[in-house]
2 protein chains.
Amino acid sequence: MLLGSIEAGGTKFVCAVGDENYQVKEQIQYPTTSPKETIQKSIDFFKNFPGLQAISIASFGPIEIRRDNAKYGYVTDTPKIGWPNTNFLGMLKAALDLPIYWTSDVNGSVYGEYILAQSAKKTISALTYYTIGTGVGAGTVLNGSFIGTLGHPEVGHVRLKRHPDDLNFKGICPYHGDCLEGLVAGPTFEARTGKKGKDIPLTDHVWDIMAYYVAQAALQTTLHIRPEKIVFGGGVVSEPFLKKVRHEFAALMNDYQDVGNLQDYITMPLAPNNGSATLGNFALAYREMTQSKNN
Amino acid sequence: MLLGSIEAGGTKFVCAVGDENYQVKEQIQYPTTSPKETIQKSIDFFKNFPGLQAISIASFGPIEIRRDNAKYGYVTDTPKIGWPNTNFLGMLKAALDLPIYWTSDVNGSVYGEYILAQSAKKTISALTYYTIGTGVGAGTVLNGSFIGTLGHPEVGHVRLKRHPDDLNFKGICPYHGDCLEGLVAGPTFEARTGKKGKDIPLTDHVWDIMAYYVAQAALQTTLHIRPEKIVFGGGVVSEPFLKKVRHEFAALMNDYQDVGNLQDYITMPLAPNNGSATLGNFALAYREMTQSKNN
């Protein structure tokens with residue numbers, strides 16, 4: 001069996017074909033240019049695999065995910081030039097007569113991590129995936145479904161208690177200033193210090209400030225949703241950084257609610273090499289194929 | 001058909017029997033004393049109704065809600081004297097041979113509001129209910145089920161961006177100081193001003209500060225869960241106060257995500273006279289009865 005994945009980012013596209021064990025057989029990646037050119041490249045790639053059964057797209061957004069909406073399958077009012085109001089799903093469906101699942105980029109990743117956590121632990125009822133990179137977002141799988149029926153969650157824009165040593169930093173979100181994304185997205189390092197995050201050692205206090213904010217995000221997710229696991233991915237995240245996050249989380253929680261062993265609760269992705277979204281797409285493509293056969 | 005409801009609060013119990021249209025036929029209320037005495041009174045009340053089909057309990061907590069846990073049905077480590085480690089559900093089941101549903105107080109209320117919102121709007125996929133009174137809590141129904149499989153959410157303890165005119169107030173939560181509950185629960189009025197909330201006019205600036213925090217809670221719920229409606233109940237809440245909350249919410253959201261008309265999105269309970277939990281219990285009792293017949 002062959003299943004297709006498009007991980008559609010604002011910077012690059014990763015297209016892959018995998019088998020029924022969700023193992024990648026072939027993969028390409030290329031920069032995100034105009035919608036027409038970028039989507040055509042993915043169509044050309046998938047046309048090499050006549051046995052393909054289904055595809056799943058995990059797309060940058062905002063996107064329209066309500067199936068009964070006229071704009072279902074569109075990238076809507078994104079700041080990415082050329083992309084507002086793009087019928088991404090429609091263009092793919094016109095070229096490829098296949099079941100195609102459509103969701104947000106973090107939902108692809110959270111589904112991949114959910115599948116991996118399930119196979120590791122047998123059953124898991126709820127898992128949240130955060131990406132902390134150029135932007136900040138999160139997705140949650142609850143009992144096999146994504147949270148967010150009206151639209152995908154936009155957790156990046158919640159407000160946080162400010163760190164006492166960071167009160168003068170205004171944040172970089174063009175909409176909200178010091179929301180979560182405005183305080184911890186990758187470019188905040190340069191805005192705060194003039195240096196890129198990769199050039200700042202983890203011993204620098206700015207990483208403690210970052211950990212305090214990311215721990216508050218994890219606390220919000222815990223107290224609103226009670227997942228069994230929160231996975232952090234994206235360019236800002238590393239295991240030594242998560243160690244700091246766990247430390248801040250424990251201080252904020254103050255033993256109020258038991259989430260089990262923090263090492264197992266707040267973790268890096270199980271999928272190696274940023275592979276969560278591709279794996280999630282394979283599983284979602286398989287699910288879409290099965291459901292479309294049953295209808 | 002007769003259905004039973006226990007709204008078990010830390011201060012008082014409200015027991016009711018209603019019909020298949022969820023209309024109250026008889027209701028009693030009495031203060032919460034020892035577990036034995038308080039629970040026995042509810043048993044005695046229900047024994048007057050031999051035709052009773054099922055009961056639902058919406059209890060103060062923390063409570064254990066995992067059905068496979070040895071402490072399922074218990075009030076666990078509550079600060080309420082005499083009540084820690086009380087087998088509430090077990091005591092009721094030993095006396096009454098009926099299907100009994102067991103959930104948290106806010107879950108009873110959110111289910112009642114979900115039922116009312118559904119009948120008003122035909123279908124609603126997700127609704128959140130906040131209570132802001134002596135404490136602060138919230139429950140969410142998503143596609144007919146409660147969010148929180150490991151335990152009920154504890155939204156009262158998230159952290160918030162502090163209002164610039166409130167930075168010196170340390171908050172009153174014994175666990176976290178200035179978490180949501182520590183900043184907006186009813187007793188914060190006296191802690192801030194020496195006066196009770198009911199004696200402070202809505203024109204006082206302290207109400208703007210309260211609205212700023214409550215709006216952040218609504219924003220968190222929106223961005224984490226995307227419900228179709230957020231209902232606010234509890235002694236602190238009034239329609240003029242919610243008007244302030246909507247104003248602050250709009251400023252915080254800054255047109256980032258569309259939640260529809262704010263008048264319909266952030267609302268008072270539809271159930272009159274604090275009746276949300278009783279109505280929710282009738283509906284949950286009915287559901288429990290149906291499910292136990294099918295098993």
# chains A, B, ... in the order shown; residues from 1 in each chain; ligands from 1
$ select_by_dssp --residues "region 108-179 of chain B" --states "strand (DSSP E or B)" --output "list in words"
Ala126, Leu127, Thr128, Tyr129, Tyr130, Thr131, Ile132, Val136, Gly137, Ala138, Gly139, Thr140, Val141, Leu142, Ser145, Phe146, Arg159, Cys173, Gly177 and Cys179 of chain B
$ write_last_selection --atoms "N, CA and C atoms" --output "PDB file, in the first residue's frame"
ATOM      1  N   ALA B 126     -19.204  22.349  20.858  1.00  0.00           N
ATOM      2  CA  ALA B 126     -18.352  22.542  22.031  1.00  0.00           C
ATOM      3  C   ALA B 126     -18.789  23.775  22.804  1.00  0.00           C
ATOM      4  N   LEU B 127     -18.880  23.620  24.105  1.00  0.00           N
ATOM      5  CA  LEU B 127     -19.296  24.710  24.996  1.00  0.00           C
ATOM      6  C   LEU B 127     -18.504  24.619  26.293  1.00  0.00           C
ATOM      7  N   THR B 128     -18.054  25.767  26.806  1.00  0.00           N
ATOM      8  CA  THR B 128     -17.319  25.818  28.076  1.00  0.00           C
ATOM      9  C   THR B 128     -18.131  26.614  29.091  1.00  0.00           C
ATOM     10  N   TYR B 129     -18.150  26.142  30.335  1.00  0.00           N
ATOM     11  CA  TYR B 129     -18.823  26.844  31.437  1.00  0.00           C
ATOM     12  C   TYR B 129     -17.800  27.182  32.507  1.00  0.00           C
ATOM     13  N   TYR B 130     -17.707  28.459  32.869  1.00  0.00           N
ATOM     14  CA  TYR B 130     -16.867  28.899  33.975  1.00  0.00           C
ATOM     15  C   TYR B 130     -17.750  29.255  35.158  1.00  0.00           C
ATOM     16  N   THR B 131     -17.335  28.873  36.353  1.00  0.00           N
ATOM     17  CA  THR B 131     -17.954  29.438  37.540  1.00  0.00           C
ATOM     18  C   THR B 131     -16.929  30.345  38.203  1.00  0.00           C
ATOM     19  N   ILE B 132     -17.350  31.552  38.542  1.00  0.00           N
ATOM     20  CA  ILE B 132     -16.482  32.487  39.259  1.00  0.00           C
ATOM     21  C   ILE B 132     -17.218  32.886  40.525  1.00  0.00           C
ATOM     22  N   VAL B 136     -12.793  29.238  41.390  1.00  0.00           N
ATOM     23  CA  VAL B 136     -12.943  29.391  39.941  1.00  0.00           C
ATOM     24  C   VAL B 136     -12.682  28.048  39.287  1.00  0.00           C
ATOM     25  N   GLY B 137     -13.588  27.617  38.438  1.00  0.00           N
ATOM     26  CA  GLY B 137     -13.399  26.365  37.710  1.00  0.00           C
ATOM     27  C   GLY B 137     -14.098  26.433  36.374  1.00  0.00           C
ATOM     28  N   ALA B 138     -13.817  25.465  35.521  1.00  0.00           N
ATOM     29  CA  ALA B 138     -14.485  25.428  34.221  1.00  0.00           C
ATOM     30  C   ALA B 138     -14.600  23.993  33.750  1.00  0.00           C
ATOM     31  N   GLY B 139     -15.624  23.740  32.970  1.00  0.00           N
ATOM     32  CA  GLY B 139     -15.808  22.443  32.334  1.00  0.00           C
ATOM     33  C   GLY B 139     -16.145  22.658  30.876  1.00  0.00           C
ATOM     34  N   THR B 140     -15.802  21.694  30.030  1.00  0.00           N
ATOM     35  CA  THR B 140     -16.089  21.802  28.596  1.00  0.00           C
ATOM     36  C   THR B 140     -16.723  20.516  28.092  1.00  0.00           C
ATOM     37  N   VAL B 141     -17.805  20.674  27.344  1.00  0.00           N
ATOM     38  CA  VAL B 141     -18.373  19.551  26.601  1.00  0.00           C
ATOM     39  C   VAL B 141     -17.922  19.683  25.158  1.00  0.00           C
ATOM     40  N   LEU B 142     -17.326  18.621  24.636  1.00  0.00           N
ATOM     41  CA  LEU B 142     -16.866  18.592  23.246  1.00  0.00           C
ATOM     42  C   LEU B 142     -17.484  17.370  22.581  1.00  0.00           C
ATOM     43  N   SER B 145     -19.017  14.830  24.968  1.00  0.00           N
ATOM     44  CA  SER B 145     -18.229  14.290  26.088  1.00  0.00           C
ATOM     45  C   SER B 145     -17.505  15.417  26.820  1.00  0.00           C
ATOM     46  N   PHE B 146     -17.187  15.160  28.084  1.00  0.00           N
ATOM     47  CA  PHE B 146     -16.398  16.131  28.842  1.00  0.00           C
ATOM     48  C   PHE B 146     -14.934  16.048  28.436  1.00  0.00           C
ATOM     49  N   ARG B 159      -1.871  30.846  34.939  1.00  0.00           N
ATOM     50  CA  ARG B 159      -1.318  32.166  35.211  1.00  0.00           C
ATOM     51  C   ARG B 159      -1.747  33.151  34.123  1.00  0.00           C
ATOM     52  N   CYS B 173      -4.600  32.630  46.221  1.00  0.00           N
ATOM     53  CA  CYS B 173      -4.573  31.163  46.140  1.00  0.00           C
ATOM     54  C   CYS B 173      -3.478  30.630  47.066  1.00  0.00           C
ATOM     55  N   GLY B 177      -0.762  31.732  44.688  1.00  0.00           N
ATOM     56  CA  GLY B 177      -0.791  33.193  44.784  1.00  0.00           C
ATOM     57  C   GLY B 177      -1.668  33.776  43.692  1.00  0.00           C
ATOM     58  N   CYS B 179      -2.673  33.021  40.586  1.00  0.00           N
ATOM     59  CA  CYS B 179      -3.303  32.315  39.458  1.00  0.00           C
ATOM     60  C   CYS B 179      -4.691  32.936  39.232  1.00  0.00           C
TER      61      CYS B 179
END
$ interface_residues --of "chain B" --to "chain A" --cutoff "9 Å" --atoms "only C-alpha atoms" --output "count of residues only"
42
$ select_by_dssp --residues "region 49-92 of chain A" --states "alpha helix (DSSP H)" --output "list in words"
Phe88, Leu89, Gly90, Met91 and Leu92 of chain A
$ atom_distance --atom1 "CA of Gly275 (chain A)" --atom2 "CA of Ala58 (chain A)"
12.4 Å
$ closest_residue --among "A:Glu7, A:Asp264, A:Asp97, A:Glu190" --to "Ser109 (chain A)" --atoms "only C-alpha atoms"
A:Glu7
$ atom_distance --atom1 "CA of Arg246 (chain B)" --atom2 "CA of Gly197 (chain B)"
19.7 Å
$ closest_residue --among "A:Pro201, A:Gly133, A:Gly144, A:Arg287" --to "Leu183 (chain A)" --atoms "only C-alpha atoms"
A:Gly133
$ residues_around --residues "Met268 (chain B)" --least-positions-apart "5" --cutoff "7 Å" --atoms "only C-alpha atoms" --output "ChimeraX atom specification"
/B:231-233,239
$ write_last_selection --atoms "all heavy atoms" --output "PDB file, in the first residue's frame"
ATOM      1  N   VAL B 231     -19.886  30.180  28.699  1.00  0.00           N
ATOM      2  CA  VAL B 231     -20.902  30.638  29.640  1.00  0.00           C
ATOM      3  C   VAL B 231     -20.228  30.933  30.973  1.00  0.00           C
ATOM      4  O   VAL B 231     -19.387  30.154  31.423  1.00  0.00           O
ATOM      5  CB  VAL B 231     -21.988  29.558  29.824  1.00  0.00           C
ATOM      6  CG1 VAL B 231     -23.027  30.004  30.848  1.00  0.00           C
ATOM      7  CG2 VAL B 231     -22.641  29.221  28.490  1.00  0.00           C
ATOM      8  N   PHE B 232     -20.581  32.048  31.585  1.00  0.00           N
ATOM      9  CA  PHE B 232     -20.036  32.394  32.900  1.00  0.00           C
ATOM     10  C   PHE B 232     -21.150  32.408  33.930  1.00  0.00           C
ATOM     11  O   PHE B 232     -22.156  33.091  33.763  1.00  0.00           O
ATOM     12  CB  PHE B 232     -19.355  33.766  32.863  1.00  0.00           C
ATOM     13  CG  PHE B 232     -18.026  33.750  32.171  1.00  0.00           C
ATOM     14  CD1 PHE B 232     -17.916  34.031  30.819  1.00  0.00           C
ATOM     15  CD2 PHE B 232     -16.871  33.419  32.877  1.00  0.00           C
ATOM     16  CE1 PHE B 232     -16.683  34.002  30.180  1.00  0.00           C
ATOM     17  CE2 PHE B 232     -15.639  33.386  32.243  1.00  0.00           C
ATOM     18  CZ  PHE B 232     -15.543  33.668  30.888  1.00  0.00           C
ATOM     19  N   GLY B 233     -20.959  31.629  35.009  1.00  0.00           N
ATOM     20  CA  GLY B 233     -21.872  31.651  36.144  1.00  0.00           C
ATOM     21  C   GLY B 233     -21.089  31.900  37.419  1.00  0.00           C
ATOM     22  O   GLY B 233     -19.880  32.113  37.396  1.00  0.00           O
ATOM     23  N   GLU B 239     -24.558  40.371  34.055  1.00  0.00           N
ATOM     24  CA  GLU B 239     -24.528  40.802  32.656  1.00  0.00           C
ATOM     25  C   GLU B 239     -23.708  42.098  32.477  1.00  0.00           C
ATOM     26  O   GLU B 239     -22.896  42.184  31.553  1.00  0.00           O
ATOM     27  CB  GLU B 239     -25.958  40.939  32.122  1.00  0.00           C
ATOM     28  CG  GLU B 239     -26.075  41.411  30.685  1.00  0.00           C
ATOM     29  CD  GLU B 239     -25.297  40.574  29.662  1.00  0.00           C
ATOM     30  OE1 GLU B 239     -25.200  39.339  29.816  1.00  0.00           O
ATOM     31  OE2 GLU B 239     -24.747  41.184  28.706  1.00  0.00           O
TER      32      GLU B 239
END
$ closest_residue --among "B:Asn87, B:Thr290, B:Ile6, B:Val214" --to "Asp105 (chain B)" --atoms "only C-alpha atoms"
B:Ile6
$ atom_distance --atom1 "CA of Lys229 (chain B)" --atom2 "CA of Ala117 (chain B)"
8.8 Å
